[in-house]
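J.: If it helps, the file is called structure-v6.pdb and holds PDB, C-alpha atoms:
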```pdb
ATOM      1  CA  MET A   1     109.217 100.864  78.549  1.00  0.00           C
ATOM      2  CA  LYS A   2     110.379  99.819  82.010  1.00  0.00           C
ATOM      3  CA  GLU A   3     108.209 102.530  83.641  1.00  0.00           C
ATOM      4  CA  GLU A   4     105.234 101.381  81.571  1.00  0.00           C
ATOM      5  CA  GLU A   5     105.668  97.790  82.734  1.00  0.00           C
ATOM      6  CA  LEU A   6     106.039  98.899  86.352  1.00  0.00           C
ATOM      7  CA  LEU A   7     102.802 100.873  86.130  1.00  0.00           C
ATOM      8  CA  LYS A   8     100.943  97.927  84.590  1.00  0.00           C
ATOM      9  CA  LYS A   9     102.201  95.692  87.380  1.00  0.00           C
ATOM     10  CA  ARG A  10     101.165  98.234  90.012  1.00  0.00           C
ATOM     11  CA  LEU A  11      97.681  98.606  88.536  1.00  0.00           C
ATOM     12  CA  MET A  12      97.210  94.850  88.550  1.00  0.00           C
ATOM     13  CA  GLU A  13      98.439  94.570  92.156  1.00  0.00           C
ATOM     14  CA  LEU A  14      96.031  97.265  93.345  1.00  0.00           C
ATOM     15  CA  CYS A  15      93.196  95.676  91.390  1.00  0.00           C
ATOM     16  CA  GLU A  16      93.791  92.247  92.917  1.00  0.00           C
ATOM     17  CA  LYS A  17      94.200  93.681  96.428  1.00  0.00           C
ATOM     18  CA  ALA A  18      90.919  95.569  96.195  1.00  0.00           C
ATOM     19  CA  TYR A  19      89.002  92.554  94.899  1.00  0.00           C
ATOM     20  CA  ASN A  20      90.548  89.943  97.213  1.00  0.00           C
ATOM     21  CA  GLN A  21      90.557  91.998 100.413  1.00  0.00           C
ATOM     22  CA  ASN A  22      87.280  93.868  99.866  1.00  0.00           C
ATOM     23  CA  ILE A  23      88.964  97.254 100.342  1.00  0.00           C
ATOM     24  CA  TYR A  24      89.312 100.347  98.186  1.00  0.00           C
ATOM     25  CA  THR A  25      92.761 100.908  96.694  1.00  0.00           C
ATOM     26  CA  TYR A  26      94.200 103.894  94.855  1.00  0.00           C
ATOM     27  CA  THR A  27      97.086 104.918  92.650  1.00  0.00           C
ATOM     28  CA  HIS A  28      98.928 108.218  92.958  1.00  0.00           C
ATOM     29  CA  PHE A  29      98.036 110.928  90.426  1.00  0.00           C
ATOM     30  CA  LEU A  30      98.614 109.699  86.902  1.00  0.00           C
ATOM     31  CA  ASN A  31      99.541 111.985  84.039  1.00  0.00           C
ATOM     32  CA  GLU A  32      97.846 111.634  80.642  1.00  0.00           C
ATOM     33  CA  TYR A  33     100.349 109.113  79.318  1.00  0.00           C
ATOM     34  CA  GLU A  34      99.925 106.956  82.419  1.00  0.00           C
ATOM     35  CA  GLN A  35      96.142 107.244  82.200  1.00  0.00           C
ATOM     36  CA  SER A  36      96.344 106.049  78.616  1.00  0.00           C
ATOM     37  CA  ILE A  37      98.145 102.906  79.827  1.00  0.00           C
ATOM     38  CA  TYR A  38      95.331 102.407  82.339  1.00  0.00           C
ATOM     39  CA  GLN A  39      92.731 102.893  79.596  1.00  0.00           C
ATOM     40  CA  ASP A  40      94.383 100.143  77.547  1.00  0.00           C
ATOM     41  CA  MET A  41      94.134  97.812  80.570  1.00  0.00           C
ATOM     42  CA  LYS A  42      90.649  98.875  81.645  1.00  0.00           C
ATOM     43  CA  GLN A  43      88.844  95.759  80.440  1.00  0.00           C
ATOM     44  CA  GLU A  44      91.406  93.525  82.118  1.00  0.00           C
ATOM     45  CA  LEU A  45      90.884  95.421  85.401  1.00  0.00           C
ATOM     46  CA  ALA A  46      87.100  95.719  85.124  1.00  0.00           C
ATOM     47  CA  TYR A  47      86.318  93.070  87.744  1.00  0.00           C
ATOM     48  CA  ALA A  48      87.417  95.488  90.499  1.00  0.00           C
ATOM     49  CA  HIS A  49      85.271  98.367  89.116  1.00  0.00           C
ATOM     50  CA  PRO A  50      88.052 100.967  88.550  1.00  0.00           C
ATOM     51  CA  ILE A  51      87.304 104.630  87.904  1.00  0.00           C
ATOM     52  CA  LEU A  52      89.394 107.740  87.303  1.00  0.00           C
ATOM     53  CA  VAL A  53      89.029 110.549  89.847  1.00  0.00           C
ATOM     54  CA  GLY A  54      90.583 113.955  89.270  1.00  0.00           C
ATOM     55  CA  GLY A  55      88.514 116.070  91.647  1.00  0.00           C
ATOM     56  CA  HIS A  56      86.729 118.028  88.921  1.00  0.00           C
ATOM     57  CA  LYS A  57      85.010 117.451  85.574  1.00  0.00           C
ATOM     58  CA  TYR A  58      87.755 118.211  83.055  1.00  0.00           C
ATOM     59  CA  PHE A  59      90.749 116.804  84.914  1.00  0.00           C
ATOM     60  CA  THR A  60      94.164 116.282  83.337  1.00  0.00           C
ATOM     61  CA  ARG A  61      95.810 114.372  86.177  1.00  0.00           C
ATOM     62  CA  ALA A  62      93.797 111.725  88.008  1.00  0.00           C
ATOM     63  CA  VAL A  63      93.851 108.879  90.526  1.00  0.00           C
ATOM     64  CA  VAL A  64      92.580 105.401  89.671  1.00  0.00           C
ATOM     65  CA  MET A  65      90.286 104.075  92.394  1.00  0.00           C
ATOM     66  CA  PHE A  66      89.541 100.349  92.547  1.00  0.00           C
ATOM     67  CA  GLY A  67      86.302  99.234  94.191  1.00  0.00           C
ATOM     68  CA  SER A  68      82.672 100.322  94.396  1.00  0.00           C
ATOM     69  CA  GLU A  69      79.721 100.277  96.778  1.00  0.00           C
ATOM     70  CA  GLU A  70      78.093  97.701  94.519  1.00  0.00           C
ATOM     71  CA  LEU A  71      81.104  95.410  94.836  1.00  0.00           C
ATOM     72  CA  PHE A  72      81.953  95.900  98.518  1.00  0.00           C
ATOM     73  CA  GLY A  73      78.655  96.892 100.111  1.00  0.00           C
ATOM     74  CA  TYR A  74      80.049 100.122 101.531  1.00  0.00           C
ATOM     75  CA  GLN A  75      80.993 103.497 100.070  1.00  0.00           C
ATOM     76  CA  GLY A  76      84.651 104.448  99.803  1.00  0.00           C
ATOM     77  CA  GLU A  77      86.174 107.903 100.130  1.00  0.00           C
ATOM     78  CA  VAL A  78      88.561 109.092  97.470  1.00  0.00           C
ATOM     79  CA  PRO A  79      91.692 110.527  99.155  1.00  0.00           C
ATOM     80  CA  VAL A  80      91.757 113.598  96.879  1.00  0.00           C
ATOM     81  CA  VAL A  81      91.163 117.047  98.365  1.00  0.00           C
ATOM     82  CA  CYS A  82      91.269 120.619  97.087  1.00  0.00           C
ATOM     83  CA  ALA A  83      93.317 123.487  98.528  1.00  0.00           C
ATOM     84  CA  ARG A  84      92.625 127.128  97.729  1.00  0.00           C
ATOM     85  CA  ILE A  85      95.643 129.438  97.713  1.00  0.00           C
ATOM     86  CA  SER A  86      94.885 133.119  98.212  1.00  0.00           C
ATOM     87  CA  PRO A  87      97.111 136.200  98.508  1.00  0.00           C
ATOM     88  CA  VAL A  88      97.429 137.639 102.011  1.00  0.00           C
ATOM     89  CA  PHE A  89      97.463 141.160 100.585  1.00  0.00           C
ATOM     90  CA  ASP A  90      95.447 141.284  97.390  1.00  0.00           C
ATOM     91  CA  LYS A  91      96.731 144.766  96.548  1.00  0.00           C
ATOM     92  CA  PHE A  92     100.343 143.567  96.288  1.00  0.00           C
ATOM     93  CA  ALA A  93      99.683 140.158  94.706  1.00  0.00           C
ATOM     94  CA  GLU A  94     101.554 139.239  91.535  1.00  0.00           C
ATOM     95  CA  GLU A  95     100.026 137.469  88.554  1.00  0.00           C
ATOM     96  CA  LEU A  96     101.106 133.922  89.269  1.00  0.00           C
ATOM     97  CA  SER A  97     101.270 131.079  86.769  1.00  0.00           C
ATOM     98  CA  HIS A  98     100.783 127.327  86.983  1.00  0.00           C
ATOM     99  CA  ARG A  99     104.578 126.988  86.997  1.00  0.00           C
ATOM    100  CA  ASP A 100     104.883 129.393  89.940  1.00  0.00           C
ATOM    101  CA  TYR A 101     102.479 127.405  92.110  1.00  0.00           C
ATOM    102  CA  LEU A 102     103.958 124.060  91.100  1.00  0.00           C
ATOM    103  CA  GLY A 103     107.467 125.310  91.810  1.00  0.00           C
ATOM    104  CA  ALA A 104     106.450 126.502  95.263  1.00  0.00           C
ATOM    105  CA  LEU A 105     105.005 123.076  96.055  1.00  0.00           C
ATOM    106  CA  MET A 106     108.092 121.297  94.754  1.00  0.00           C
ATOM    107  CA  ASN A 107     110.235 123.509  96.988  1.00  0.00           C
ATOM    108  CA  LEU A 108     108.407 122.029  99.973  1.00  0.00           C
ATOM    109  CA  GLY A 109     109.736 118.628  98.984  1.00  0.00           C
ATOM    110  CA  ILE A 110     106.340 117.375  97.773  1.00  0.00           C
ATOM    111  CA  GLU A 111     106.636 114.807  94.995  1.00  0.00           C
ATOM    112  CA  ARG A 112     104.872 115.565  91.706  1.00  0.00           C
ATOM    113  CA  HIS A 113     102.744 112.415  91.715  1.00  0.00           C
ATOM    114  CA  LEU A 114     101.017 113.595  94.918  1.00  0.00           C
ATOM    115  CA  ILE A 115      99.670 116.703  93.187  1.00  0.00           C
ATOM    116  CA  GLY A 116      96.841 116.760  90.674  1.00  0.00           C
ATOM    117  CA  ASP A 117      95.594 119.667  88.611  1.00  0.00           C
ATOM    118  CA  ILE A 118      96.344 123.284  89.441  1.00  0.00           C
ATOM    119  CA  LEU A 119      93.550 125.612  88.326  1.00  0.00           C
ATOM    120  CA  ILE A 120      94.017 129.376  88.379  1.00  0.00           C
ATOM    121  CA  ASP A 121      91.111 131.779  88.804  1.00  0.00           C
ATOM    122  CA  GLY A 122      92.358 135.354  88.945  1.00  0.00           C
ATOM    123  CA  ARG A 123      94.224 135.856  92.236  1.00  0.00           C
ATOM    124  CA  TYR A 124      93.271 132.393  93.473  1.00  0.00           C
ATOM    125  CA  ALA A 125      94.630 128.950  92.694  1.00  0.00           C
ATOM    126  CA  TYR A 126      92.942 125.625  93.360  1.00  0.00           C
ATOM    127  CA  ILE A 127      95.227 122.675  93.855  1.00  0.00           C
ATOM    128  CA  PHE A 128      94.081 119.061  93.957  1.00  0.00           C
ATOM    129  CA  CYS A 129      96.295 116.804  96.029  1.00  0.00           C
ATOM    130  CA  MET A 130      96.356 113.564  97.978  1.00  0.00           C
ATOM    131  CA  GLU A 131      94.635 113.971 101.317  1.00  0.00           C
ATOM    132  CA  HIS A 132      97.646 113.066 103.436  1.00  0.00           C
ATOM    133  CA  ILE A 133      99.702 116.059 102.242  1.00  0.00           C
ATOM    134  CA  ILE A 134      97.092 118.807 102.667  1.00  0.00           C
ATOM    135  CA  GLY A 135      98.383 119.486 106.179  1.00  0.00           C
ATOM    136  CA  VAL A 136     101.915 120.076 104.904  1.00  0.00           C
ATOM    137  CA  ILE A 137     100.671 122.496 102.265  1.00  0.00           C
ATOM    138  CA  LYS A 138      98.512 124.427 104.762  1.00  0.00           C
ATOM    139  CA  GLU A 139     101.307 124.683 107.323  1.00  0.00           C
ATOM    140  CA  GLN A 140     104.319 125.324 105.103  1.00  0.00           C
ATOM    141  CA  LEU A 141     103.203 127.074 101.917  1.00  0.00           C
ATOM    142  CA  ASP A 142     103.267 130.756 102.818  1.00  0.00           C
ATOM    143  CA  GLN A 143     104.821 132.331  99.728  1.00  0.00           C
ATOM    144  CA  VAL A 144     104.630 131.909  95.945  1.00  0.00           C
ATOM    145  CA  ARG A 145     107.343 133.908  94.213  1.00  0.00           C
ATOM    146  CA  HIS A 146     107.210 137.235  96.084  1.00  0.00           C
ATOM    147  CA  THR A 147     103.545 136.998  97.044  1.00  0.00           C
ATOM    148  CA  ARG A 148     102.567 136.053 100.585  1.00  0.00           C
ATOM    149  CA  VAL A 149      99.747 133.512 100.543  1.00  0.00           C
ATOM    150  CA  PHE A 150      97.525 131.485 102.832  1.00  0.00           C
ATOM    151  CA  VAL A 151      96.049 128.055 102.180  1.00  0.00           C
ATOM    152  CA  GLU A 152      92.724 126.549 103.145  1.00  0.00           C
ATOM    153  CA  GLU A 153      91.019 123.269 102.322  1.00  0.00           C
ATOM    154  CA  VAL A 154      87.778 123.795 100.381  1.00  0.00           C
ATOM    155  CA  SER A 155      84.927 121.728  99.005  1.00  0.00           C
ATOM    156  CA  TRP A 156      85.172 121.808  95.214  1.00  0.00           C
ATOM    157  CA  GLU A 157      81.409 121.437  94.812  1.00  0.00           C
ATOM    158  CA  GLU A 158      80.777 124.596  96.848  1.00  0.00           C
ATOM    159  CA  ILE A 159      83.245 127.113  95.413  1.00  0.00           C
ATOM    160  CA  GLY A 160      81.438 127.799  92.127  1.00  0.00           C
ATOM    161  CA  TYR A 161      84.522 127.659  89.890  1.00  0.00           C
ATOM    162  CA  VAL A 162      83.636 128.082  86.216  1.00  0.00           C
ATOM    163  CA  GLN A 163      86.004 126.735  83.572  1.00  0.00           C
ATOM    164  CA  LYS A 164      87.052 129.480  81.156  1.00  0.00           C
ATOM    165  CA  TYR A 165      87.221 128.878  77.415  1.00  0.00           C
ATOM    166  CA  LYS A 166      88.304 130.645  74.286  1.00  0.00           C
ATOM    167  CA  LYS A 167      85.924 129.855  71.442  1.00  0.00           C
ATOM    168  CA  LYS A 168      87.310 129.160  67.987  1.00  0.00           C
ATOM    169  CA  GLU A 169      85.046 128.672  64.986  1.00  0.00           C
ATOM    170  CA  GLY A 170      85.672 127.800  61.377  1.00  0.00           C
ATOM    171  CA  PHE A 171      85.413 125.285  58.577  1.00  0.00           C
ATOM    172  CA  VAL A 172      87.596 122.175  58.450  1.00  0.00           C
ATOM    173  CA  ALA A 173      88.187 119.776  55.572  1.00  0.00           C
ATOM    174  CA  SER A 174      87.350 116.757  57.745  1.00  0.00           C
ATOM    175  CA  MET A 175      86.815 115.655  61.351  1.00  0.00           C
ATOM    176  CA  ARG A 176      90.195 113.907  61.526  1.00  0.00           C
ATOM    177  CA  LEU A 177      92.165 114.281  64.738  1.00  0.00           C
ATOM    178  CA  ASP A 178      95.188 115.889  63.087  1.00  0.00           C
ATOM    179  CA  VAL A 179      92.971 118.410  61.306  1.00  0.00           C
ATOM    180  CA  LEU A 180      91.298 119.508  64.536  1.00  0.00           C
ATOM    181  CA  VAL A 181      94.602 119.782  66.413  1.00  0.00           C
ATOM    182  CA  SER A 182      95.885 122.036  63.625  1.00  0.00           C
ATOM    183  CA  GLN A 183      92.693 124.097  63.712  1.00  0.00           C
ATOM    184  CA  ALA A 184      92.644 124.523  67.499  1.00  0.00           C
ATOM    185  CA  PHE A 185      96.230 125.688  67.911  1.00  0.00           C
ATOM    186  CA  SER A 186      96.866 127.203  64.464  1.00  0.00           C
ATOM    187  CA  LEU A 187      99.471 124.583  63.578  1.00  0.00           C
ATOM    188  CA  SER A 188     100.555 123.125  60.271  1.00  0.00           C
ATOM    189  CA  ARG A 189      99.537 119.536  59.524  1.00  0.00           C
ATOM    190  CA  ASN A 190     103.234 118.643  59.588  1.00  0.00           C
ATOM    191  CA  ILE A 191     103.605 119.867  63.190  1.00  0.00           C
ATOM    192  CA  SER A 192     100.404 118.083  64.221  1.00  0.00           C
ATOM    193  CA  GLU A 193     101.761 114.841  62.793  1.00  0.00           C
ATOM    194  CA  LYS A 194     105.033 115.296  64.716  1.00  0.00           C
ATOM    195  CA  LEU A 195     103.098 115.853  67.947  1.00  0.00           C
ATOM    196  CA  LEU A 196     101.154 112.651  67.352  1.00  0.00           C
ATOM    197  CA  LYS A 197     104.296 110.631  66.670  1.00  0.00           C
ATOM    198  CA  SER A 198     105.892 112.130  69.801  1.00  0.00           C
ATOM    199  CA  GLN A 199     103.054 110.689  71.958  1.00  0.00           C
ATOM    200  CA  LYS A 200     101.774 114.131  72.922  1.00  0.00           C
ATOM    201  CA  VAL A 201      98.167 113.940  71.696  1.00  0.00           C
ATOM    202  CA  PHE A 202      95.329 112.389  73.717  1.00  0.00           C
ATOM    203  CA  HIS A 203      91.745 111.798  72.623  1.00  0.00           C
ATOM    204  CA  ASN A 204      89.261 111.321  75.494  1.00  0.00           C
ATOM    205  CA  GLY A 205      92.147 110.221  77.710  1.00  0.00           C
ATOM    206  CA  LYS A 206      93.753 107.794  75.283  1.00  0.00           C
ATOM    207  CA  MET A 207      97.052 108.482  73.573  1.00  0.00           C
ATOM    208  CA  CYS A 208      96.866 108.645  69.783  1.00  0.00           C
ATOM    209  CA  LEU A 209      99.725 108.046  67.360  1.00  0.00           C
ATOM    210  CA  SER A 210      97.703 108.417  64.166  1.00  0.00           C
ATOM    211  CA  GLY A 211      95.913 111.539  63.010  1.00  0.00           C
ATOM    212  CA  GLY A 212      93.306 109.649  61.022  1.00  0.00           C
ATOM    213  CA  GLN A 213      90.980 109.027  63.951  1.00  0.00           C
ATOM    214  CA  LYS A 214      87.515 110.520  63.471  1.00  0.00           C
ATOM    215  CA  ILE A 215      86.410 113.016  66.111  1.00  0.00           C
ATOM    216  CA  LYS A 216      82.829 113.773  67.123  1.00  0.00           C
ATOM    217  CA  GLN A 217      80.965 116.443  69.058  1.00  0.00           C
ATOM    218  CA  GLY A 218      81.666 116.291  72.791  1.00  0.00           C
ATOM    219  CA  ASP A 219      85.149 114.795  72.437  1.00  0.00           C
ATOM    220  CA  ILE A 220      88.055 116.270  74.395  1.00  0.00           C
ATOM    221  CA  ILE A 221      91.508 116.565  72.855  1.00  0.00           C
ATOM    222  CA  SER A 222      94.640 117.312  74.873  1.00  0.00           C
ATOM    223  CA  VAL A 223      98.022 118.205  73.389  1.00  0.00           C
ATOM    224  CA  ARG A 224     101.043 118.375  75.690  1.00  0.00           C
ATOM    225  CA  GLY A 225     102.684 121.771  75.552  1.00  0.00           C
ATOM    226  CA  TYR A 226      99.680 123.392  73.863  1.00  0.00           C
ATOM    227  CA  GLY A 227      96.550 122.754  75.918  1.00  0.00           C
ATOM    228  CA  LYS A 228      93.178 121.092  75.798  1.00  0.00           C
ATOM    229  CA  PHE A 229      89.983 121.700  73.849  1.00  0.00           C
ATOM    230  CA  LEU A 230      86.409 120.466  73.635  1.00  0.00           C
ATOM    231  CA  VAL A 231      84.640 119.879  70.324  1.00  0.00           C
ATOM    232  CA  GLU A 232      81.654 121.913  71.411  1.00  0.00           C
ATOM    233  CA  ASP A 233      79.403 122.091  68.394  1.00  0.00           C
ATOM    234  CA  LEU A 234      79.066 121.022  64.777  1.00  0.00           C
ATOM    235  CA  GLY A 235      77.369 123.372  62.334  1.00  0.00           C
ATOM    236  CA  LYS A 236      76.334 123.058  58.736  1.00  0.00           C
ATOM    237  CA  THR A 237      78.426 121.462  56.017  1.00  0.00           C
ATOM    238  CA  SER A 238      79.425 123.704  53.120  1.00  0.00           C
ATOM    239  CA  LYS A 239      78.635 122.935  49.495  1.00  0.00           C
ATOM    240  CA  LYS A 240      82.231 121.766  49.126  1.00  0.00           C
ATOM    241  CA  GLY A 241      81.824 119.314  52.016  1.00  0.00           C
ATOM    242  CA  ARG A 242      83.705 121.305  54.648  1.00  0.00           C
ATOM    243  CA  GLN A 243      82.411 121.019  58.228  1.00  0.00           C
ATOM    244  CA  PHE A 244      81.750 124.100  60.366  1.00  0.00           C
ATOM    245  CA  ILE A 245      82.882 123.517  63.967  1.00  0.00           C
ATOM    246  CA  THR A 246      83.067 125.360  67.260  1.00  0.00           C
ATOM    247  CA  LEU A 247      85.964 124.482  69.564  1.00  0.00           C
ATOM    248  CA  ALA A 248      86.160 125.491  73.227  1.00  0.00           C
ATOM    249  CA  ILE A 249      89.840 125.854  74.104  1.00  0.00           C
ATOM    250  CA  PHE A 250      90.532 125.628  77.843  1.00  0.00           C
ATOM    251  CA  GLN A 251      92.124 128.708  79.399  1.00  0.00           C
TER     252      GLN A 251
END
```
Output the file's structure as structure tokens, nothing else.

T.:
Amino acid sequence: MKEEELLKKRLMELCEKAYNQNIYTYTHFLNEYEQSIYQDMKQELAYAHPILVGGHKYFTRAVVMFGSEELFGYQGEVPVVCARISPVFDKFAEELSHRDYLGALMNLGIERHLIGDILIDGRYAYIFCMEHIIGVIKEQLDQVRHTRVFVEEVSWEEIGYVQKYKKKEGFVASMRLDVLVSQAFSLSRNISEKLLKSQKVFHNGKMCLSGGQKIKQGDIISVRGYGKFLVEDLGKTSKKGRQFITLAIFQ
């Protein structure tokens, strides 16, 4: 609770500073729980035009930016950049995981809240981070596990990364949140309920404690420890009233 109150205070301070001084202000990277706290305060902070910026469309970790061109009369730059990590010798490169890359960054003494999402695409990894640490990563990150690597700053819009999904189709009894979580990750309703009570389920960025919430096409559900999925399509309803759905589970 103390951390929650500290974050609320920090958000309000940044909001007031942006509005009163006519300057853009930013948080560090917020995890999903922290973003949910921001979402609950969003109306209270609306006068400073806050937005979430994660560097890409389906972000998990994101920075809150306060300010806008409409409000200030000038365009601000979000201090979030993307680094691409590539193996020096592709032939000898290991299959590296999210944990491997994060561990290598932590070993450089970089704090977790300065790092956003880590996306893996075959032999490459794309890491979103605060702009002021990109130099440290480029200069000091030369190995991940046993694989020698090199780092370069890239423009996310130009690299052509395509999010990979695993499609899952089937009929569900209802469009309740707990039902869809169970369907996506092949869990019992009992486990889904425990995940909800443990504050591990997020619907469109907001934490959910109850499984009764109705979900619609286009919604994104994230479950800590399991992953994230998009409710991609709704098909026909069966004669018994069961809904056919297509889920796109992020890989």

J.: Could you state the separation of CA of Asn190 in chain A and CA of Gln213 in chain A in Å, given to one decimal place?

T.: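 Taking CA of Asn190 in chain A and CA of Gln213 in chain A, their separation equals 16.2 Å.
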
J.: Starting from the shown file, work through the PyMOL selection byres ((chain A and resi 18-25) around 6) and note down what comes out as a CSV table (one decimal) with C-alpha atoms, in the frame of the given file.

T.:
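Contents of the output file expr_24.csv:
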```csv
chain,number,residue,atom,x,y,z
A,14,LEU,CA,96.0,97.3,93.3
A,15,CYS,CA,93.2,95.7,91.4
A,16,GLU,CA,93.8,92.2,92.9
A,17,LYS,CA,94.2,93.7,96.4
A,26,TYR,CA,94.2,103.9,94.9
A,48,ALA,CA,87.4,95.5,90.5
A,65,MET,CA,90.3,104.1,92.4
A,66,PHE,CA,89.5,100.3,92.5
A,67,GLY,CA,86.3,99.2,94.2
A,72,PHE,CA,82.0,95.9,98.5
```

J.: Measuring atom to atom with all atoms listed in the file, identify which of A:Lys2, A:Lys239, A:Lys197, A:His98 is nearest to Arg145 in chain A.

T.: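 Nearest to Arg145 in chain A: A:His98.
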
J.: Pick out the closest residue to Gly116 in chain A from this set: A:Phe250, A:Tyr161, A:Phe29, A:Tyr74. Count all atoms listed in the file.

T.: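 Of A:Phe250, A:Tyr161, A:Phe29, A:Tyr74, the one nearest Gly116 in chain A is A:Phe29, counting all atoms listed in the file.
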
J.: From the list A:Asp121, A:Glu5, A:Glu70, A:Asp40, which residue is nearest Lys164 in chain A when using all atoms listed in the file?

T.: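 Ranked by minimum distance to Lys164 in chain A, first place goes to A:Asp121.
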
J.: When the PyMOL selection byres ((chain A and resi 212) around 8) is applied to the file above, which residues end up in the set, as number ranges by chain?

T.: A: 176-178, 210-211, 213-214

J.: Quote the spacing between CA of Ala125 in chain A and CA of Gly109 in chain A in Å to one decimal place.

T.: 19.3 Å

J.: How many Å lie between CA of Glu152 in chain A and CA of Asp117 in chain A, rounded to one decimal?

T.: 16.3 Å

J.: Care to translate the PyMOL selection byres ((chain A and resi 234) around 10) into actual residues of this file, as a ChimeraX atom specification?

T.: /A:169,171,216-218,231-233,235-237,243-247

J.: Let me make sure I understand: among A:Lys138, A:Lys42, A:Lys166, A:His28, which one has the smallest atom-to-atom distance to Gly54 in chain A if we use all atoms listed in the file?

T.: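 The answer is A:His28, which sits nearest to Gly54 in chain A.
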
J.: Taking into account only C-alpha atoms, which residue in the set A:Arg224, A:Arg112, A:Lys168, A:Arg148 is nearest to Cys129 in chain A?

T.: A:Arg112
